[in-house]
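File shown: my_file_21.txt (compact mmCIF, C-alpha atoms).
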```txt
# COMPACT_ATOMS: atom_id res chain seq x y z
CA MET A 23 0.00 0.00 0.00
CA GLY A 24 1.39 3.40 -0.99
CA ILE A 25 -0.01 5.14 2.07
CA ILE A 26 3.46 5.85 3.48
CA SER A 27 4.82 8.67 1.30
CA LYS A 28 8.40 9.90 1.31
CA GLY A 29 7.37 12.98 3.29
CA VAL A 30 5.97 11.01 6.23
CA LYS A 31 8.46 10.65 9.08
CA PRO A 32 8.08 7.75 11.48
CA GLY A 33 8.56 7.54 15.19
CA ILE A 34 11.63 5.36 15.66
CA ARG A 35 12.00 2.85 18.49
CA LYS A 36 15.65 2.29 19.32
CA LEU A 37 17.25 -0.48 21.32
CA TYR A 38 18.04 1.66 24.34
CA ASP A 39 14.37 2.75 24.46
CA MET A 40 13.67 -0.94 25.05
CA LYS A 41 16.54 -1.72 27.45
CA ASP A 42 14.22 -2.55 30.34
CA VAL A 43 12.31 -5.26 28.44
CA ILE A 44 15.17 -7.11 26.68
CA TYR A 45 15.71 -10.72 27.76
CA ASP A 46 19.38 -11.14 26.84
CA ARG A 47 21.05 -8.74 29.28
CA LYS A 48 24.56 -9.96 28.52
CA TRP A 49 24.13 -9.22 24.83
CA LEU A 50 22.52 -5.85 25.63
CA SER A 51 25.50 -4.72 27.70
CA ASN A 52 27.68 -4.62 24.54
CA ALA A 53 25.05 -3.74 21.93
CA GLU A 54 24.88 -0.44 20.03
CA ASN A 55 21.78 1.73 20.17
CA SER A 56 20.41 0.62 16.79
CA GLU A 57 16.98 1.28 15.27
CA LEU A 58 14.51 -1.56 15.83
CA TYR A 59 11.19 -0.51 14.31
CA TYR A 60 9.28 2.37 12.78
CA MET A 61 5.85 3.76 13.68
CA TYR A 62 3.86 5.86 11.19
CA ARG A 63 0.92 7.56 12.90
CA GLU A 64 -2.33 9.11 11.66
CA LEU A 65 -1.98 8.03 8.04
CA SER A 66 -4.53 8.61 5.29
CA LEU A 67 -4.63 8.50 1.50
CA SER A 68 -6.56 11.74 1.13
CA LYS A 69 -7.74 14.80 3.02
CA LYS A 70 -11.28 13.47 2.75
CA ASP A 71 -10.24 10.25 4.49
CA SER A 72 -8.38 12.19 7.17
CA ILE A 73 -11.45 14.28 7.93
CA ALA A 74 -13.67 11.19 8.11
CA MET A 75 -11.26 9.51 10.56
CA LYS A 76 -11.25 12.57 12.82
CA GLU A 77 -15.04 12.82 12.73
CA HIS A 78 -15.30 9.19 13.88
CA GLY A 79 -12.53 9.51 16.50
CA LEU A 80 -10.27 6.98 14.77
CA ARG A 81 -6.64 6.72 13.71
CA TYR A 82 -4.88 4.51 11.16
CA ASP A 83 -1.21 3.64 11.75
CA ILE A 84 1.44 1.43 10.17
CA THR A 85 4.38 -0.20 11.99
CA VAL A 86 7.40 -1.67 10.20
CA ILE A 87 9.64 -4.18 12.02
CA PRO A 88 12.68 -5.46 10.09
CA PRO A 89 13.91 -8.95 11.05
CA ARG A 90 16.76 -9.20 13.53
CA MET A 91 17.83 -10.82 16.79
CA LEU A 92 18.16 -9.09 20.14
CA GLY A 93 20.80 -11.52 21.30
CA CYS A 94 18.91 -14.78 21.64
CA GLU A 95 15.50 -13.07 21.44
CA PHE A 96 13.53 -12.23 18.31
CA VAL A 97 12.90 -8.53 17.71
CA LYS A 98 9.69 -7.25 19.29
CA THR A 99 7.72 -4.16 20.21
CA ALA A 100 8.00 -2.68 23.70
CA GLY A 101 4.55 -3.93 24.68
CA HIS A 102 1.74 -1.88 26.21
CA TYR A 103 -1.67 -1.83 27.83
CA HIS A 104 -4.66 0.29 26.80
CA PRO A 105 -6.44 3.11 28.67
CA LEU A 106 -10.04 2.98 29.88
CA VAL A 107 -12.89 4.21 27.72
CA PRO A 108 -14.08 7.36 29.56
CA GLY A 109 -17.07 6.66 31.78
CA THR A 110 -16.57 2.87 31.72
CA GLY A 111 -14.43 0.22 33.38
CA ILE A 112 -13.47 -1.21 29.97
CA THR A 113 -10.22 -0.57 28.13
CA PHE A 114 -10.06 0.41 24.48
CA PRO A 115 -9.58 -2.46 21.98
CA GLU A 116 -7.41 -2.30 18.86
CA ILE A 117 -7.31 -4.12 15.54
CA TYR A 118 -4.21 -5.10 13.56
CA GLU A 119 -3.67 -6.34 10.03
CA VAL A 120 -0.53 -7.94 8.65
CA LEU A 121 0.28 -6.16 5.38
CA GLY A 122 3.48 -8.10 4.76
CA GLY A 123 5.67 -10.65 6.51
CA GLU A 124 4.64 -12.64 9.57
CA ALA A 125 3.62 -11.50 13.06
CA THR A 126 3.42 -13.22 16.41
CA TYR A 127 1.08 -11.42 18.80
CA ILE A 128 1.13 -12.06 22.54
CA LEU A 129 -1.98 -10.88 24.36
CA GLN A 130 -1.91 -10.82 28.16
CA LYS A 131 -4.61 -10.06 30.72
CA PRO A 132 -3.20 -8.66 33.97
CA ASP A 133 -4.39 -9.71 37.43
CA GLY A 134 -2.66 -7.78 40.20
CA GLU A 135 1.03 -8.67 40.09
CA GLY A 136 0.35 -11.69 37.91
CA ILE A 137 -1.26 -12.60 34.60
CA ASP A 138 -4.70 -14.18 34.32
CA ASP A 139 -4.60 -15.17 30.65
CA VAL A 140 -2.00 -15.28 27.84
CA ILE A 141 -2.82 -15.83 24.16
CA LEU A 142 -0.41 -16.30 21.25
CA ILE A 143 -1.63 -15.62 17.71
CA LYS A 144 0.51 -16.20 14.63
CA ALA A 145 -0.67 -14.12 11.70
CA GLY A 146 0.33 -13.90 8.05
CA GLU A 147 -0.39 -11.44 5.27
CA GLY A 148 -4.05 -10.42 5.22
CA ASP A 149 -4.84 -11.73 8.71
CA LYS A 150 -6.63 -9.43 11.15
CA VAL A 151 -6.11 -9.64 14.92
CA ILE A 152 -8.22 -7.85 17.54
CA ILE A 153 -6.81 -6.89 20.92
CA PRO A 154 -9.86 -7.23 23.22
CA PRO A 155 -10.63 -4.97 26.19
CA GLY A 156 -8.65 -5.94 29.28
CA TYR A 157 -5.58 -7.16 27.39
CA GLY A 158 -2.14 -5.70 26.84
CA HIS A 159 0.00 -6.94 23.98
CA LEU A 160 3.29 -7.02 22.15
CA THR A 161 4.29 -8.05 18.64
CA ILE A 162 7.26 -10.24 17.70
CA ASN A 163 8.82 -10.66 14.28
CA ALA A 164 10.15 -14.21 14.53
CA SER A 165 10.67 -14.52 10.77
CA ASN A 166 13.37 -13.51 8.28
CA LYS A 167 10.98 -11.10 6.52
CA VAL A 168 10.19 -7.45 7.11
CA LEU A 169 6.95 -7.26 9.10
CA LYS A 170 4.60 -4.48 8.03
CA MET A 171 1.36 -4.17 9.96
CA ALA A 172 -1.45 -1.66 10.16
CA ASN A 173 -3.80 -0.84 13.00
CA TRP A 174 -7.03 1.03 13.58
CA VAL A 175 -7.48 2.50 17.06
CA ALA A 176 -9.35 5.25 18.91
CA ARG A 177 -7.85 8.61 17.97
CA ASP A 178 -7.19 9.81 21.54
CA PHE A 179 -5.60 6.49 22.48
CA GLU A 180 -2.37 6.71 24.47
CA SER A 181 -0.49 3.47 25.08
CA ILE A 182 0.46 2.58 28.66
CA TYR A 183 4.01 1.19 28.66
CA GLN A 184 5.02 1.41 32.32
CA PRO A 185 3.46 -1.83 33.72
CA ILE A 186 5.28 -4.04 31.18
CA LYS A 187 8.45 -2.02 31.58
CA GLU A 188 8.34 -2.56 35.36
CA LYS A 189 8.08 -6.32 34.81
CA GLU A 190 11.02 -6.18 32.37
CA GLY A 191 8.93 -7.52 29.51
CA GLY A 192 5.78 -9.35 28.59
CA ALA A 193 4.54 -12.57 30.17
CA TYR A 194 6.63 -14.64 27.72
CA PHE A 195 9.87 -14.10 25.81
CA ILE A 196 10.19 -15.70 22.37
CA LEU A 197 13.76 -16.90 21.92
CA ASP A 198 15.62 -18.80 19.23
CA LYS A 199 15.28 -21.92 21.38
CA GLY A 200 11.60 -21.48 22.25
CA MET A 201 9.37 -19.59 24.69
CA VAL A 202 10.32 -18.66 28.26
CA LYS A 203 8.03 -17.37 31.01
CA ASN A 204 8.89 -14.02 32.54
CA GLN A 205 9.68 -14.80 36.18
CA ARG A 206 9.13 -11.19 37.22
CA TYR A 207 5.38 -11.79 37.24
CA GLU A 208 3.91 -13.38 40.35
CA TYR A 209 1.99 -15.85 38.21
CA VAL A 210 1.95 -16.62 34.49
CA PRO A 211 -0.43 -19.29 33.09
CA GLU A 212 0.39 -21.62 30.23
CA ILE A 213 0.10 -19.86 26.91
CA LYS A 214 -2.93 -20.54 24.71
CA LEU A 215 -2.55 -20.75 20.95
CA CYS A 216 -5.30 -19.14 18.87
CA LYS A 217 -5.79 -18.61 15.17
CA PRO A 218 -6.64 -15.18 13.71
CA PRO A 219 -10.44 -14.83 13.96
CA ASN A 220 -12.84 -14.95 11.03
CA LEU A 221 -14.24 -11.41 10.83
CA LYS A 222 -16.12 -11.47 7.51
CA GLU A 223 -19.38 -10.35 9.13
CA MET A 224 -17.55 -7.17 10.19
CA GLY A 225 -16.46 -6.36 6.65
CA LEU A 226 -12.96 -7.65 7.38
CA GLN A 227 -11.83 -10.21 4.84
CA LYS A 228 -8.35 -11.65 4.46
CA SER A 229 -8.26 -10.63 0.80
CA LYS A 230 -9.09 -6.97 1.48
CA GLU A 231 -6.92 -4.44 3.29
CA MET A 232 -8.82 -2.96 6.23
CA TYR A 233 -7.91 0.61 5.26
CA GLY A 234 -10.91 0.31 2.93
CA LEU A 235 -13.18 0.59 5.98
CA VAL A 236 -12.50 4.32 5.83
CA ARG A 237 -15.53 4.31 3.49
CA ASP A 238 -17.69 2.66 6.18
CA LEU A 239 -16.23 3.68 9.54
CA LYS A 240 -19.42 2.63 11.33
CA GLN A 241 -17.96 -0.89 11.09
CA LEU A 242 -15.21 0.21 13.48
CA GLU A 243 -17.51 1.61 16.14
CA PHE A 244 -16.46 -1.26 18.43
CA LEU A 245 -13.08 0.47 18.82
CA ILE A 246 -14.77 3.54 20.35
CA LYS A 247 -17.68 1.84 22.17
CA PRO A 248 -16.47 -1.67 23.07
CA HIS A 249 -19.12 -1.92 25.83
CA GLU A 250 -21.79 -2.02 23.10
CA HIS A 251 -20.12 -4.76 21.05
CA ALA A 252 -19.28 -7.53 23.52
CA TRP A 253 -20.09 -10.29 21.00
CA ILE A 254 -17.09 -9.33 18.87
CA PHE A 255 -14.64 -9.93 21.69
CA GLU A 256 -16.31 -13.20 22.69
CA GLU A 257 -15.61 -14.41 19.16
CA VAL A 258 -12.00 -13.29 19.33
CA LEU A 259 -11.38 -15.06 22.66
CA ARG A 260 -13.05 -18.31 21.60
CA LYS A 261 -10.30 -20.93 21.91
```

Could you express the structure from this file as structure tokens?
Amino acid sequence: MGIISKGVKPGIRKLYDMKDVIYDRKWLSNAENSELYYMYRELSLSKKDSIAMKEHGLRYDITVIPPRMLGCEFVKTAGHYHPLVPGTGITFPEIYEVLGGEATYILQKPDGEGIDDVILIKAGEGDKVIIPPGYGHLTINASNKVLKMANWVARDFESIYQPIKEKEGGAYFILDKGMVKNQRYEYVPEIKLCKPPNLKEMGLQKSKEMYGLVRDLKQLEFLIKPHEHAWIFEEVLRK
């Protein structure tokens, strides 16, 4: 998709920005502060689309994660939780689409100092993945391809990084030799493997990029009012 023009500058996540959540501390101690991934925010293909997104309180972003190793760990995002929808006790959801490459999403539901639920979803090009209310998440590129993924999210959304930073990472680390639980959490359950959900009834088909929903943003109302669309998240969490 040609939505990222040459004039658009990304936010750049560097290694030292992530130093608190890296598994391989020995490797980190001698590593240079290199660029890990790139975040392009508030993208649109036209002024008309941009206005429509603002009117509906939505934002469209693209993240690009080149393949590499962080010592013995596959490159990943910092990981974050989501803020509460004003006037509710429910956190904002988010929806991702893999535009190119392969993504591994880890979704984790916090419970005090521990984790109540952990889900791993492997997604390929065209797959859509919803982050339900109550879950934080991180994305890993465990392939040898550049991962390019898009997301729709509430416009005023601000990611909450501190809780995962304090635990020095997500509930699991994905290493070249397999997965390892993060012992900094009081309790971490066994990870559950899920497939990307079938979201055809929401106008989200594997063969169609979800940017096209800019022409029918009502379909994305669940990102703004998740408390009115509980059935969607029940489908996502069905094991």

| request: Excluding Leu160 in chain A and residues on its chain fewer than 3 positions from it, collect all residues at most 12 Å away from it, counting all atoms listed in the file, and give them as JSON, numbers by chain. | output: {"A": [43, 97, 98, 99, 100, 101, 102, 103, 104, 118, 125, 126, 127, 128, 129, 130, 140, 141, 142, 143, 153, 157, 163, 181, 182, 183, 186, 187, 191, 192, 193, 194, 195, 196]}

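The residue that comes closest to Gln184 in chain A, out of A:Ile246, A:Glu223, A:Lys48, A:Gly158 and on the basis of only C-alpha atoms, is A:Gly158.
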
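Residue nearest Ala145 in chain A within the list A:Pro89, A:Val202, A:Arg81, A:Pro219: A:Pro219 [criterion: smallest interatomic distance, all atoms listed in the file].
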
| said: Could you list, as an MDAnalysis selection string, every residue within 7 Å of Ile117 in chain A, counting all atoms listed in the file and ignoring same-chain residues fewer than 6 positions away? | reply: chainID A and resid 150:153 173:175

| task | Using all atoms listed in the file, pick whichever of A:Asp149, A:Glu54, A:Glu135, A:Asp178 has the shortest atom-to-atom distance to Tyr82 in chain A. | result |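 The shortest atom-to-atom distance to Tyr82 in chain A comes from A:Asp178.
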
| field | All residues 9 Å or closer to Lys167 in chain A, only C-alpha atoms, same chain fewer than 2 positions away omitted, as a list in words | value |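 Here the answer would be Ile87, Pro88, Pro89, Gly122, Gly123, Glu124, Asn163, Ala164, Ser165 and Leu169 of chain A.
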
For range 89-109 of chain A, supply N, CA and C atoms and format the output as a compact mmCIF listing (two decimals), in the coordinates of the input.
```txt
# COMPACT_ATOMS: atom_id res chain seq x y z
N PRO A 89 13.48 -7.77 10.29
CA PRO A 89 13.91 -8.95 11.05
C PRO A 89 15.28 -8.74 11.67
N ARG A 90 15.46 -9.21 12.89
CA ARG A 90 16.76 -9.20 13.53
C ARG A 90 16.65 -9.92 14.87
N MET A 91 17.79 -10.20 15.48
CA MET A 91 17.83 -10.82 16.79
C MET A 91 18.31 -9.82 17.83
N LEU A 92 17.70 -9.87 18.99
CA LEU A 92 18.16 -9.09 20.14
C LEU A 92 18.90 -10.06 21.05
N GLY A 93 20.10 -10.42 20.64
CA GLY A 93 20.80 -11.52 21.30
C GLY A 93 20.13 -12.81 20.92
N CYS A 94 19.60 -13.52 21.91
CA CYS A 94 18.91 -14.78 21.64
C CYS A 94 17.40 -14.60 21.48
N GLU A 95 16.93 -13.36 21.52
CA GLU A 95 15.50 -13.07 21.44
C GLU A 95 15.15 -12.45 20.09
N PHE A 96 14.00 -12.83 19.55
CA PHE A 96 13.53 -12.23 18.31
C PHE A 96 13.09 -10.79 18.56
N VAL A 97 13.28 -9.93 17.58
CA VAL A 97 12.90 -8.53 17.71
C VAL A 97 11.40 -8.41 18.02
N LYS A 98 11.07 -7.40 18.82
CA LYS A 98 9.69 -7.25 19.29
C LYS A 98 9.38 -5.78 19.54
N THR A 99 8.11 -5.49 19.77
CA THR A 99 7.72 -4.16 20.21
C THR A 99 7.87 -4.08 21.73
N ALA A 100 7.80 -2.86 22.26
CA ALA A 100 8.00 -2.68 23.70
C ALA A 100 6.89 -3.33 24.52
N GLY A 101 5.69 -3.38 23.95
CA GLY A 101 4.55 -3.93 24.68
C GLY A 101 3.83 -2.86 25.48
N HIS A 102 2.49 -2.89 25.46
CA HIS A 102 1.74 -1.88 26.21
C HIS A 102 0.34 -2.36 26.55
N TYR A 103 -0.26 -1.65 27.50
CA TYR A 103 -1.67 -1.83 27.83
C TYR A 103 -2.46 -0.65 27.26
N HIS A 104 -3.78 -0.73 27.36
CA HIS A 104 -4.66 0.29 26.80
C HIS A 104 -5.40 1.05 27.89
N PRO A 105 -5.70 2.33 27.67
CA PRO A 105 -6.44 3.11 28.67
C PRO A 105 -7.93 2.76 28.68
N LEU A 106 -8.60 3.20 29.74
CA LEU A 106 -10.04 2.98 29.88
C LEU A 106 -10.83 3.90 28.95
N VAL A 107 -11.93 3.37 28.42
CA VAL A 107 -12.89 4.21 27.72
C VAL A 107 -13.53 5.12 28.76
N PRO A 108 -13.51 6.44 28.56
CA PRO A 108 -14.08 7.36 29.56
C PRO A 108 -15.51 6.97 29.96
N GLY A 109 -15.75 6.97 31.27
CA GLY A 109 -17.07 6.66 31.78
C GLY A 109 -17.37 5.18 31.90
```
